[in-house]
Amino acid sequence: METGVGRRIGTLAGVLSAALAAAATAAGTAAAEEAVNLRIMSYNVWYGGAQVSLEQTAAAIRAADADIVGLQEPDGNTARIAAMAGYPYVDLRRHIISRVPLFDPKLGERTETGQAPYTLAGVDSDAAHVWALVAPGRVVAVANVHLTSDPYGPNAAQEAAGPDEVLAVEAETRMPEVEALAAALEPVVASGAPVFVTGDFNSPSGRDWTAAVAALRPEVKFPVDWPVPARMEAAGFTDSFRAVHPDPVARPGLTYSPGFPHPVPQEGEIMDRIDYVWSANATPTASQVVGEAGNPDVDVAVAPWPSDHRAVVSAFTAVPVEAPALIAVEPRLVEEGGSFLVRVNSPGRADWGAVIVPRGGTADAAVTGVDGIMAYWQPGFRFSTHGLSPGAWDAVLLIGGEEAARTRFSVIPEGGRATIEVVTPEVRPGEPMTVRWSGAPGFRFDWIGVYAKGDWNLYNYLAFAYTGAVLEGEMTLEPDLYYQVLEPGDYEVRLMADDHYQVLATAPFTVLPP
């Protein structure tokens with residue numbers, strides 16, 4: 001039996017050997033844990049999700065068991081749907097709801113001027129995506145879109161002599177929109193980050209309109225290499241449903257339409273697969289159609305089905321990338337007397353601080369703030385609006401005393417409502433007109449409409465422009481936004497919510513004689 005030094009050396013050698021083995025095991029486990037499993041859903045909820053039942057809309061999301069959901073047509077109900085479905089994180093500018101924290105890649109508000117392509121409404125041209133914090137300090141990118149519906153390509157195909165006529169329709173409508181989207185996301189794809197895009201693209205796929213399908217479905221008159229999905233593929237994206245189910249005859253995967261609502265069809269409506277979950281730098285492992293009961297092409301059934309689209313949910317394995325310094329304010333529109341949460345990602349879990357400054361101000365102009373927070377202990381801090389007057393503010397993330405990121409938010413008066421005004425309330429026919437608003441909800445498709453004064457028909461807008469999801473701002477309505485030159489008379493501008501017809505505020509103006 002060894003004693004003394006010899007036994008201690010043997011013991012140390014054994015400990016070292018065990019430690020090395022444990023380290024090797026930990027390294028292997030860490031490598032395996034780099035990858036995450038995600039379920040991503042695309043869901044057109046049909047005009048606010050309430051055409052059948054808002055609860056059923058939320059039930060469909062719960063049944064799909066998605067981690068992140070891109071909504072189309074939420075019409076201002078994004079946060080409400082998220083709460084009902086049990087999703088704590090919401091991006092109102094992209095209509096994304098999530099089980100994991102979401103962060104804007106820039107300032108949390110559009111900074112570019114002018115009208116953006118429909119796919120980039122409410123965001124800057126280099127910020128189509130949101131970062132989703134899917135693991136501590138690691139993110140994936142998610143974008144969500146809805147392309148123009150009319151004129152609808154499959155309808156055009158019914159009267160067309162061949163694919164060229166159909167492609168001409170796509171070139172004038174959806175191609176400029178998808179081009180802007182693809183250009184915005186290509187740098188993110190090139191960075192190696194996993195990128196997911198959900199959306200109602202209002203376009204079939206060339207992987208579906210094949211000769212084999214044309215022989216079985218009368219509405220597929222001839223093969224078409226639909227250019228919108230082709231552009232997404234050229235940008236590095238994979239159609240997750242068709243990657244998992246490559247045979248369009250065996251699995252059509254039609255998402256439009258189950259009915260208006262199910263089981264009520266619309267006579268002459270062309271059925272097709274136009275809703276997608278795209279991925280780049282990720283591996284699709286499963287993809288399911290979520291829809292009405294009794295349909296053999298539906299994998300997850302919900303009864304009654306509440307939308308005129310079926311949804312798609314796809315599963316992925318992906319390796320998220322290291323997250324930059326990020327900061328978010330929840331909510332972005334805060335009522336005076338209320339409170340708001342500042343949530344951050346501090347790289348390397350460095351101690352952090354946050355200060356609240358007037359819009360564009362430096363940390364030296366802080367009205368309130370906190371510093372020295374241990375990131376591993378507290379990734380968020382709740383502030384009150386005490387001392388913050390109504391208006392535009394920034395929340396600034398400090399790391400090591402230096403600004404690392406900032407985001408915008410606004411405070412509105414207690415009990416306050418949205419406002420709009422015409423800066424020069426008298427104009428001549430054909431002249432531009434500047435409008436200013438505040439207290440807008442910041443939905444992706446908030447818009448300003450021009451109406452004849454007192455016109456009760458909300459469909460009768462004479463001009464419209466999107467606000468860019470800006471909470472408070474100013475824009476000039478140029479003559480090319482009008483459907484016609486306004487005759488002399490009394491009119492009004494209306495601030496409207498989220499591509500729908502909820503009037504938030506009005507202001508009068510007069511067109512004078514030439």
# chains A, B, ... in the order shown; residues from 1 in each chain; ligands from 1
call {"tool": "residues_around", "arguments": {"residues": "Val290 (chain A)", "least_positions_apart": "4", "cutoff": "10 Å", "atoms": "only C-alpha atoms", "output": "PDB file with N, CA and C atoms, in the first residue's frame"}}
result
ATOM      1  N   MET A  41     -44.270  29.494 -37.262  1.00  0.00           N
ATOM      2  CA  MET A  41     -45.605  29.410 -37.855  1.00  0.00           C
ATOM      3  C   MET A  41     -45.922  30.656 -38.671  1.00  0.00           C
ATOM      4  N   SER A  42     -46.569  30.466 -39.808  1.00  0.00           N
ATOM      5  CA  SER A  42     -47.122  31.565 -40.605  1.00  0.00           C
ATOM      6  C   SER A  42     -48.640  31.420 -40.603  1.00  0.00           C
ATOM      7  N   TYR A  43     -49.335  32.517 -40.264  1.00  0.00           N
ATOM      8  CA  TYR A  43     -50.782  32.406 -40.060  1.00  0.00           C
ATOM      9  C   TYR A  43     -51.470  33.709 -40.479  1.00  0.00           C
ATOM     10  N   ALA A  60     -55.871  28.015 -32.440  1.00  0.00           N
ATOM     11  CA  ALA A  60     -55.094  27.451 -33.549  1.00  0.00           C
ATOM     12  C   ALA A  60     -53.598  27.610 -33.306  1.00  0.00           C
ATOM     13  N   ILE A  61     -53.213  28.744 -32.758  1.00  0.00           N
ATOM     14  CA  ILE A  61     -51.794  28.980 -32.457  1.00  0.00           C
ATOM     15  C   ILE A  61     -51.332  28.041 -31.354  1.00  0.00           C
ATOM     16  N   ALA A  63     -52.573  25.144 -30.648  1.00  0.00           N
ATOM     17  CA  ALA A  63     -52.549  23.778 -31.186  1.00  0.00           C
ATOM     18  C   ALA A  63     -51.301  23.533 -32.018  1.00  0.00           C
ATOM     19  N   ALA A  64     -50.825  24.559 -32.702  1.00  0.00           N
ATOM     20  CA  ALA A  64     -49.633  24.417 -33.539  1.00  0.00           C
ATOM     21  C   ALA A  64     -48.363  24.322 -32.716  1.00  0.00           C
ATOM     22  N   GLY A 253     -50.519  20.478 -49.820  1.00  0.00           N
ATOM     23  CA  GLY A 253     -50.278  21.505 -48.818  1.00  0.00           C
ATOM     24  C   GLY A 253     -51.003  22.810 -49.082  1.00  0.00           C
ATOM     25  N   THR A 255     -52.986  26.053 -48.837  1.00  0.00           N
ATOM     26  CA  THR A 255     -53.301  26.904 -47.689  1.00  0.00           C
ATOM     27  C   THR A 255     -54.450  27.864 -47.955  1.00  0.00           C
ATOM     28  N   ASP A 297     -55.290  16.525 -45.902  1.00  0.00           N
ATOM     29  CA  ASP A 297     -54.044  17.260 -46.115  1.00  0.00           C
ATOM     30  C   ASP A 297     -53.718  18.176 -44.938  1.00  0.00           C
ATOM     31  N   VAL A 298     -54.533  18.140 -43.890  1.00  0.00           N
ATOM     32  CA  VAL A 298     -54.316  18.941 -42.688  1.00  0.00           C
ATOM     33  C   VAL A 298     -53.716  18.051 -41.607  1.00  0.00           C
ATOM     34  N   ASP A 299     -52.629  18.499 -41.003  1.00  0.00           N
ATOM     35  CA  ASP A 299     -51.933  17.723 -39.973  1.00  0.00           C
ATOM     36  C   ASP A 299     -52.401  18.072 -38.567  1.00  0.00           C
ATOM     37  N   VAL A 300     -52.734  19.347 -38.342  1.00  0.00           N
ATOM     38  CA  VAL A 300     -53.193  19.813 -37.035  1.00  0.00           C
ATOM     39  C   VAL A 300     -54.570  20.433 -37.241  1.00  0.00           C
ATOM     40  N   ALA A 301     -55.604  19.781 -36.728  1.00  0.00           N
ATOM     41  CA  ALA A 301     -56.984  20.215 -36.976  1.00  0.00           C
ATOM     42  C   ALA A 301     -57.525  21.021 -35.805  1.00  0.00           C
ATOM     43  N   VAL A 302     -58.257  22.084 -36.143  1.00  0.00           N
ATOM     44  CA  VAL A 302     -58.914  22.932 -35.156  1.00  0.00           C
ATOM     45  C   VAL A 302     -60.342  23.157 -35.643  1.00  0.00           C
ATOM     46  N   TRP A 305     -62.584  26.003 -37.722  1.00  0.00           N
ATOM     47  CA  TRP A 305     -61.401  26.697 -38.207  1.00  0.00           C
ATOM     48  C   TRP A 305     -61.750  28.162 -38.449  1.00  0.00           C
ATOM     49  N   HIS A 309     -57.527  31.266 -44.536  1.00  0.00           N
ATOM     50  CA  HIS A 309     -56.277  30.597 -44.899  1.00  0.00           C
ATOM     51  C   HIS A 309     -56.010  29.479 -43.896  1.00  0.00           C
ATOM     52  N   ARG A 310     -55.395  28.414 -44.344  1.00  0.00           N
ATOM     53  CA  ARG A 310     -54.777  27.475 -43.425  1.00  0.00           C
ATOM     54  C   ARG A 310     -53.408  28.025 -43.033  1.00  0.00           C
ATOM     55  N   ALA A 311     -52.909  27.590 -41.908  1.00  0.00           N
ATOM     56  CA  ALA A 311     -51.595  28.026 -41.440  1.00  0.00           C
ATOM     57  C   ALA A 311     -50.559  26.950 -41.735  1.00  0.00           C
ATOM     58  N   VAL A 312     -49.303  27.343 -41.665  1.00  0.00           N
ATOM     59  CA  VAL A 312     -48.186  26.414 -41.826  1.00  0.00           C
ATOM     60  C   VAL A 312     -47.275  26.553 -40.612  1.00  0.00           C
ATOM     61  N   VAL A 313     -46.883  25.436 -40.019  1.00  0.00           N
ATOM     62  CA  VAL A 313     -45.903  25.454 -38.938  1.00  0.00           C
ATOM     63  C   VAL A 313     -44.799  24.468 -39.287  1.00  0.00           C
TER      64      VAL A 313
END
call {"tool": "atom_distance", "arguments": {"atom1": "CA of Val123 (chain A)", "atom2": "CA of Leu504 (chain A)"}}
result
21.3 Å
call {"tool": "select_by_dssp", "arguments": {"residues": "region 285-462 of chain A", "states": "strand (DSSP E or B)", "output": "tab-separated table (two decimals) with N, CA and C atoms, in the first residue's frame"}}
result
chain	number	residue	atom	x	y	z
A	285	THR	N	-36.94	20.20	-40.38
A	285	THR	CA	-37.07	18.80	-39.96
A	285	THR	C	-38.50	18.30	-40.02
A	286	ALA	N	-39.47	19.20	-40.06
A	286	ALA	CA	-40.89	18.82	-40.16
A	286	ALA	C	-41.67	20.03	-40.62
A	287	SER	N	-42.82	19.79	-41.26
A	287	SER	CA	-43.68	20.90	-41.65
A	287	SER	C	-45.11	20.40	-41.72
A	288	GLN	N	-46.02	21.18	-41.12
A	288	GLN	CA	-47.41	20.76	-41.01
A	288	GLN	C	-48.36	21.85	-41.46
A	289	VAL	N	-49.48	21.43	-42.01
A	289	VAL	CA	-50.58	22.34	-42.31
A	289	VAL	C	-51.54	22.33	-41.13
A	290	VAL	N	-51.94	23.51	-40.69
A	290	VAL	CA	-52.89	23.66	-39.58
A	290	VAL	C	-54.18	24.20	-40.18
A	291	GLY	N	-55.28	23.48	-39.95
A	291	GLY	CA	-56.52	23.91	-40.59
A	291	GLY	C	-57.73	23.17	-40.08
A	300	VAL	N	-52.73	19.35	-38.34
A	300	VAL	CA	-53.19	19.81	-37.03
A	300	VAL	C	-54.57	20.43	-37.24
A	301	ALA	N	-55.60	19.78	-36.73
A	301	ALA	CA	-56.98	20.21	-36.98
A	301	ALA	C	-57.53	21.02	-35.81
A	309	HIS	N	-57.53	31.27	-44.54
A	309	HIS	CA	-56.28	30.60	-44.90
A	309	HIS	C	-56.01	29.48	-43.90
A	311	ALA	N	-52.91	27.59	-41.91
A	311	ALA	CA	-51.60	28.03	-41.44
A	311	ALA	C	-50.56	26.95	-41.73
A	312	VAL	N	-49.30	27.34	-41.66
A	312	VAL	CA	-48.19	26.41	-41.83
A	312	VAL	C	-47.28	26.55	-40.61
A	313	VAL	N	-46.88	25.44	-40.02
A	313	VAL	CA	-45.90	25.45	-38.94
A	313	VAL	C	-44.80	24.47	-39.29
A	314	SER	N	-43.56	24.93	-39.23
A	314	SER	CA	-42.40	24.10	-39.59
A	314	SER	C	-41.43	24.04	-38.42
A	315	ALA	N	-40.78	22.89	-38.30
A	315	ALA	CA	-39.77	22.68	-37.26
A	315	ALA	C	-38.38	22.75	-37.88
A	316	PHE	N	-37.43	23.29	-37.12
A	316	PHE	CA	-36.08	23.50	-37.62
A	316	PHE	C	-35.06	23.17	-36.54
A	317	THR	N	-33.88	22.81	-37.01
A	317	THR	CA	-32.69	22.81	-36.17
A	317	THR	C	-31.78	23.91	-36.71
A	318	ALA	N	-31.28	24.74	-35.81
A	318	ALA	CA	-30.45	25.87	-36.24
A	318	ALA	C	-29.44	26.18	-35.14
A	321	VAL	N	-26.66	32.69	-33.64
A	321	VAL	CA	-25.40	33.44	-33.60
A	321	VAL	C	-25.35	34.31	-32.36
A	322	GLU	N	-24.15	34.77	-32.04
A	322	GLU	CA	-23.98	35.63	-30.88
A	322	GLU	C	-24.74	36.93	-31.09
A	326	LEU	N	-28.37	44.79	-27.35
A	326	LEU	CA	-29.75	45.04	-27.78
A	326	LEU	C	-30.54	45.63	-26.62
A	327	ILE	N	-31.52	46.45	-26.97
A	327	ILE	CA	-32.39	47.04	-25.95
A	327	ILE	C	-33.79	47.18	-26.53
A	328	ALA	N	-34.79	46.95	-25.68
A	328	ALA	CA	-36.19	47.08	-26.08
A	328	ALA	C	-36.97	47.76	-24.96
A	329	VAL	N	-38.01	48.49	-25.35
A	329	VAL	CA	-38.93	49.10	-24.39
A	329	VAL	C	-40.30	48.49	-24.62
A	330	GLU	N	-40.95	48.08	-23.56
A	330	GLU	CA	-42.28	47.47	-23.65
A	330	GLU	C	-43.20	48.13	-22.64
A	333	LEU	N	-45.46	52.71	-26.58
A	333	LEU	CA	-46.34	53.85	-26.33
A	333	LEU	C	-46.81	53.75	-24.89
A	334	VAL	N	-46.35	54.69	-24.05
A	334	VAL	CA	-46.58	54.61	-22.60
A	334	VAL	C	-47.45	55.79	-22.17
A	335	GLU	N	-48.48	55.49	-21.41
A	335	GLU	CA	-49.34	56.56	-20.90
A	335	GLU	C	-48.70	57.21	-19.69
A	339	SER	N	-45.99	52.74	-16.40
A	339	SER	CA	-44.62	52.25	-16.31
A	339	SER	C	-44.27	51.47	-17.58
A	340	PHE	N	-42.99	51.21	-17.76
A	340	PHE	CA	-42.53	50.48	-18.93
A	340	PHE	C	-41.30	49.66	-18.56
A	341	LEU	N	-41.13	48.56	-19.26
A	341	LEU	CA	-40.01	47.66	-19.01
A	341	LEU	C	-38.92	47.89	-20.04
A	342	VAL	N	-37.70	48.08	-19.59
A	342	VAL	CA	-36.53	48.11	-20.46
A	342	VAL	C	-35.86	46.75	-20.35
A	343	ARG	N	-35.75	46.08	-21.48
A	343	ARG	CA	-35.17	44.73	-21.52
A	343	ARG	C	-33.95	44.77	-22.43
A	344	VAL	N	-32.87	44.05	-22.04
A	344	VAL	CA	-31.61	44.17	-22.78
A	344	VAL	C	-30.98	42.80	-23.02
A	345	ASN	N	-30.08	42.78	-23.98
A	345	ASN	CA	-29.07	41.73	-24.08
A	345	ASN	C	-27.72	42.40	-23.97
A	352	TRP	N	-24.59	46.11	-16.80
A	352	TRP	CA	-25.17	47.08	-17.70
A	352	TRP	C	-25.97	48.14	-16.95
A	353	GLY	N	-26.29	49.19	-17.66
A	353	GLY	CA	-27.16	50.23	-17.15
A	353	GLY	C	-28.06	50.73	-18.26
A	354	ALA	N	-29.06	51.51	-17.90
A	354	ALA	CA	-29.95	52.09	-18.89
A	354	ALA	C	-30.36	53.47	-18.41
A	355	VAL	N	-30.38	54.42	-19.34
A	355	VAL	CA	-30.83	55.77	-19.02
A	355	VAL	C	-31.92	56.18	-20.01
A	356	ILE	N	-32.80	57.04	-19.55
A	356	ILE	CA	-33.89	57.55	-20.38
A	356	ILE	C	-33.57	59.01	-20.71
A	357	VAL	N	-33.48	59.30	-22.00
A	357	VAL	CA	-33.07	60.63	-22.45
A	357	VAL	C	-34.09	61.16	-23.46
A	358	PRO	N	-34.19	62.48	-23.61
A	358	PRO	CA	-35.03	63.02	-24.69
A	358	PRO	C	-34.54	62.49	-26.03
A	368	THR	N	-33.76	59.93	-16.02
A	368	THR	CA	-33.78	58.87	-15.04
A	368	THR	C	-32.97	57.71	-15.59
A	369	GLY	N	-32.60	56.78	-14.73
A	369	GLY	CA	-31.80	55.65	-15.20
A	369	GLY	C	-31.31	54.79	-14.06
A	370	VAL	N	-30.49	53.83	-14.41
A	370	VAL	CA	-29.92	52.90	-13.43
A	370	VAL	C	-28.63	52.38	-14.01
A	371	ASP	N	-27.69	51.99	-13.16
A	371	ASP	CA	-26.41	51.47	-13.65
A	371	ASP	C	-25.92	50.38	-12.70
A	372	GLY	N	-24.98	49.57	-13.20
A	372	GLY	CA	-24.38	48.53	-12.37
A	372	GLY	C	-25.25	47.30	-12.18
A	373	ILE	N	-26.14	47.02	-13.14
A	373	ILE	CA	-27.00	45.84	-13.03
A	373	ILE	C	-26.22	44.61	-13.51
A	380	GLY	N	-33.65	42.90	-17.24
A	380	GLY	CA	-34.64	43.94	-17.49
A	380	GLY	C	-34.85	44.81	-16.27
A	381	PHE	N	-35.40	46.00	-16.49
A	381	PHE	CA	-35.64	46.93	-15.39
A	381	PHE	C	-36.89	47.73	-15.71
A	382	ARG	N	-37.77	47.87	-14.71
A	382	ARG	CA	-39.02	48.60	-14.92
A	382	ARG	C	-38.88	50.04	-14.42
A	383	PHE	N	-39.25	50.98	-15.31
A	383	PHE	CA	-39.21	52.40	-14.99
A	383	PHE	C	-40.64	52.94	-14.91
A	384	SER	N	-40.82	54.01	-14.15
A	384	SER	CA	-42.07	54.76	-14.19
A	384	SER	C	-41.90	55.95	-15.12
A	391	GLY	N	-44.16	63.04	-24.99
A	391	GLY	CA	-43.30	63.32	-26.13
A	391	GLY	C	-42.41	62.15	-26.47
A	392	ALA	N	-41.37	62.43	-27.26
A	392	ALA	CA	-40.50	61.39	-27.80
A	392	ALA	C	-39.28	61.20	-26.90
A	393	TRP	N	-38.97	59.93	-26.59
A	393	TRP	CA	-37.87	59.59	-25.69
A	393	TRP	C	-37.04	58.44	-26.27
A	394	ASP	N	-35.83	58.30	-25.76
A	394	ASP	CA	-34.96	57.15	-26.08
A	394	ASP	C	-34.56	56.45	-24.80
A	395	ALA	N	-34.47	55.12	-24.87
A	395	ALA	CA	-33.84	54.34	-23.81
A	395	ALA	C	-32.47	53.91	-24.32
A	396	VAL	N	-31.43	54.19	-23.53
A	396	VAL	CA	-30.06	53.96	-23.96
A	396	VAL	C	-29.42	52.89	-23.08
A	397	LEU	N	-28.87	51.87	-23.71
A	397	LEU	CA	-28.16	50.81	-23.00
A	397	LEU	C	-26.71	51.24	-22.80
A	398	LEU	N	-26.25	51.17	-21.55
A	398	LEU	CA	-24.87	51.50	-21.22
A	398	LEU	C	-24.12	50.25	-20.79
A	399	ILE	N	-22.95	50.03	-21.35
A	399	ILE	CA	-22.06	48.96	-20.93
A	399	ILE	C	-20.69	49.57	-20.72
A	402	GLU	N	-20.45	53.32	-21.47
A	402	GLU	CA	-20.56	53.80	-22.84
A	402	GLU	C	-21.87	53.32	-23.48
A	403	GLU	N	-22.39	54.14	-24.40
A	403	GLU	CA	-23.61	53.74	-25.10
A	403	GLU	C	-23.34	52.53	-25.97
A	404	ALA	N	-24.17	51.49	-25.83
A	404	ALA	CA	-24.03	50.26	-26.62
A	404	ALA	C	-25.20	50.08	-27.58
A	405	ALA	N	-26.36	50.62	-27.24
A	405	ALA	CA	-27.54	50.52	-28.11
A	405	ALA	C	-28.59	51.49	-27.58
A	406	ARG	N	-29.57	51.82	-28.43
A	406	ARG	CA	-30.68	52.65	-27.97
A	406	ARG	C	-31.93	52.29	-28.76
A	407	THR	N	-33.08	52.62	-28.19
A	407	THR	CA	-34.35	52.40	-28.86
A	407	THR	C	-35.30	53.53	-28.52
A	408	ARG	N	-36.30	53.73	-29.37
A	408	ARG	CA	-37.22	54.85	-29.22
A	408	ARG	C	-38.54	54.42	-28.59
A	409	PHE	N	-39.15	55.34	-27.86
A	409	PHE	CA	-40.51	55.14	-27.37
A	409	PHE	C	-41.12	56.51	-27.14
A	410	SER	N	-42.42	56.54	-26.85
A	410	SER	CA	-43.11	57.81	-26.64
A	410	SER	C	-44.00	57.73	-25.42
A	411	VAL	N	-44.16	58.88	-24.76
A	411	VAL	CA	-45.08	59.03	-23.64
A	411	VAL	C	-46.23	59.90	-24.11
A	412	ILE	N	-47.46	59.48	-23.81
A	412	ILE	CA	-48.64	60.26	-24.15
A	412	ILE	C	-49.31	60.73	-22.86
A	419	THR	N	-53.67	62.02	-31.93
A	419	THR	CA	-54.05	63.29	-32.53
A	419	THR	C	-53.47	63.38	-33.94
A	420	ILE	N	-54.11	64.20	-34.78
A	420	ILE	CA	-53.60	64.49	-36.10
A	420	ILE	C	-53.97	65.93	-36.44
A	421	GLU	N	-53.11	66.62	-37.17
A	421	GLU	CA	-53.40	67.98	-37.59
A	421	GLU	C	-52.84	68.20	-38.99
A	422	VAL	N	-53.46	69.11	-39.71
A	422	VAL	CA	-52.95	69.55	-41.00
A	422	VAL	C	-52.18	70.84	-40.74
A	426	GLU	N	-55.33	75.04	-45.35
A	426	GLU	CA	-55.91	75.51	-46.61
A	426	GLU	C	-54.89	75.31	-47.72
A	427	VAL	N	-55.30	74.58	-48.77
A	427	VAL	CA	-54.40	74.28	-49.89
A	427	VAL	C	-55.14	74.51	-51.20
A	433	MET	N	-49.60	68.59	-49.09
A	433	MET	CA	-50.17	68.98	-47.80
A	433	MET	C	-49.43	68.21	-46.70
A	434	THR	N	-48.98	68.92	-45.69
A	434	THR	CA	-48.23	68.31	-44.60
A	434	THR	C	-49.15	68.03	-43.42
A	435	VAL	N	-49.05	66.82	-42.88
A	435	VAL	CA	-49.84	66.43	-41.71
A	435	VAL	C	-48.88	65.99	-40.60
A	436	ARG	N	-49.34	66.14	-39.37
A	436	ARG	CA	-48.54	65.80	-38.20
A	436	ARG	C	-49.43	65.02	-37.24
A	437	TRP	N	-48.88	63.98	-36.62
A	437	TRP	CA	-49.68	63.17	-35.71
A	437	TRP	C	-48.87	62.78	-34.48
A	438	SER	N	-49.57	62.34	-33.45
A	438	SER	CA	-48.93	61.83	-32.23
A	438	SER	C	-49.84	60.80	-31.60
A	447	TRP	N	-52.10	54.10	-41.04
A	447	TRP	CA	-52.14	54.89	-42.27
A	447	TRP	C	-52.95	56.16	-42.09
A	448	ILE	N	-52.76	57.05	-43.03
A	448	ILE	CA	-53.51	58.31	-43.06
A	448	ILE	C	-54.36	58.32	-44.33
A	449	GLY	N	-55.64	58.56	-44.15
A	449	GLY	CA	-56.55	58.62	-45.28
A	449	GLY	C	-57.11	60.02	-45.46
A	450	VAL	N	-57.38	60.38	-46.70
A	450	VAL	CA	-58.02	61.66	-47.03
A	450	VAL	C	-59.45	61.36	-47.45
A	451	TYR	N	-60.41	62.04	-46.83
A	451	TYR	CA	-61.84	61.81	-47.09
A	451	TYR	C	-62.55	63.15	-47.32
A	452	ALA	N	-63.64	63.08	-48.04
A	452	ALA	CA	-64.55	64.22	-48.05
A	452	ALA	C	-65.08	64.42	-46.63
call {"tool": "residues_around", "arguments": {"residues": "Ala375 (chain A)", "least_positions_apart": "2", "cutoff": "7 Å", "atoms": "only C-alpha atoms", "output": "VMD selection string"}}
result
chain A and resid 346 349 to 352 373 377 to 379
call {"tool": "atom_distance", "arguments": {"atom1": "CA of Leu92 (chain A)", "atom2": "CA of Ser257 (chain A)"}}
result
26.0 Å
call {"tool": "atom_distance", "arguments": {"atom1": "CA of Gly337 (chain A)", "atom2": "CA of Arg110 (chain A)"}}
result
26.4 Å
call {"tool": "residues_around", "arguments": {"residues": "region 170-174 of chain A", "least_positions_apart": "4", "cutoff": "10 Å", "atoms": "only C-alpha atoms", "output": "list in words"}}
result
Tyr118, Thr119, Leu147, Thr148, Ser149, Asp150, Pro151, Tyr152, Gly153, Ala156, Asp164, Glu165, Val166, Val178, Glu179, Phe201, Asn202, Ser203, Trp226, Pro227 and Val228 of chain A
call {"tool": "write_last_selection", "arguments": {"atoms": "C-alpha atoms", "output": "PDB file, in the first residue's frame"}}
result
ATOM      1  CA  TYR A 118     -45.471  46.953 -48.923  1.00  0.00           C
ATOM      2  CA  THR A 119     -43.172  44.194 -47.657  1.00  0.00           C
ATOM      3  CA  LEU A 147     -47.566  40.574 -50.360  1.00  0.00           C
ATOM      4  CA  THR A 148     -50.170  42.311 -52.492  1.00  0.00           C
ATOM      5  CA  SER A 149     -53.096  40.070 -53.387  1.00  0.00           C
ATOM      6  CA  ASP A 150     -54.527  41.661 -56.532  1.00  0.00           C
ATOM      7  CA  PRO A 151     -54.327  41.011 -59.381  1.00  0.00           C
ATOM      8  CA  TYR A 152     -53.948  37.399 -58.293  1.00  0.00           C
ATOM      9  CA  GLY A 153     -51.630  35.289 -60.441  1.00  0.00           C
ATOM     10  CA  ALA A 156     -54.739  35.454 -64.359  1.00  0.00           C
ATOM     11  CA  ASP A 164     -45.611  34.718 -70.128  1.00  0.00           C
ATOM     12  CA  GLU A 165     -48.883  36.516 -69.435  1.00  0.00           C
ATOM     13  CA  VAL A 166     -48.848  35.285 -65.841  1.00  0.00           C
ATOM     14  CA  VAL A 178     -40.234  40.494 -52.895  1.00  0.00           C
ATOM     15  CA  GLU A 179     -37.173  42.119 -54.451  1.00  0.00           C
ATOM     16  CA  PHE A 201     -46.957  35.654 -50.364  1.00  0.00           C
ATOM     17  CA  ASN A 202     -50.095  35.501 -52.523  1.00  0.00           C
ATOM     18  CA  SER A 203     -48.092  33.462 -55.004  1.00  0.00           C
ATOM     19  CA  TRP A 226     -43.508  31.458 -60.222  1.00  0.00           C
ATOM     20  CA  PRO A 227     -40.910  34.217 -59.806  1.00  0.00           C
ATOM     21  CA  VAL A 228     -41.685  35.330 -56.237  1.00  0.00           C
TER      22      VAL A 228
END
call {"tool": "closest_residue", "arguments": {"among": "A:Ala143, A:Ala121, A:Ala363, A:Ala469", "to": "Ile40 (chain A)", "atoms": "only C-alpha atoms"}}
result
A:Ala143
call {"tool": "residues_around", "arguments": {"residues": "Ser307 (chain A)", "least_positions_apart": "3", "cutoff": "8 Å", "atoms": "only C-alpha atoms", "output": "list in words"}}
result
Asn44, Val45, Trp46, Gly49, Gln51, Val52, Thr57, Pro258, Gly259, Phe260, Pro261, His262 and Arg310 of chain A
call {"tool": "write_last_selection", "arguments": {"atoms": "C-alpha atoms", "output": "short mmCIF file (atom, residue, chain, number, x, y, z; two decimals), in the first residue's frame"}}
result
data_model
loop_
_atom_site.label_atom_id
_atom_site.label_comp_id
_atom_site.auth_asym_id
_atom_site.auth_seq_id
_atom_site.Cartn_x
_atom_site.Cartn_y
_atom_site.Cartn_z
CA ASN A 44 -53.08 34.75 -41.98
CA VAL A 45 -55.76 35.24 -39.33
CA TRP A 46 -58.34 36.84 -41.66
CA GLY A 49 -58.74 37.09 -36.38
CA GLN A 51 -64.31 36.93 -38.40
CA VAL A 52 -65.24 33.64 -36.72
CA THR A 57 -57.62 32.10 -33.68
CA PRO A 258 -60.59 26.35 -46.59
CA GLY A 259 -63.69 28.56 -46.99
CA PHE A 260 -65.10 31.94 -46.01
CA PRO A 261 -65.28 30.49 -43.38
CA HIS A 262 -65.05 26.71 -43.63
CA ARG A 310 -54.78 27.47 -43.42
#
call {"tool": "closest_residue", "arguments": {"among": "A:Gly489, A:Pro154, A:Gly439, A:Pro508", "to": "Arg332 (chain A)", "atoms": "only C-alpha atoms"}}
result
A:Gly439
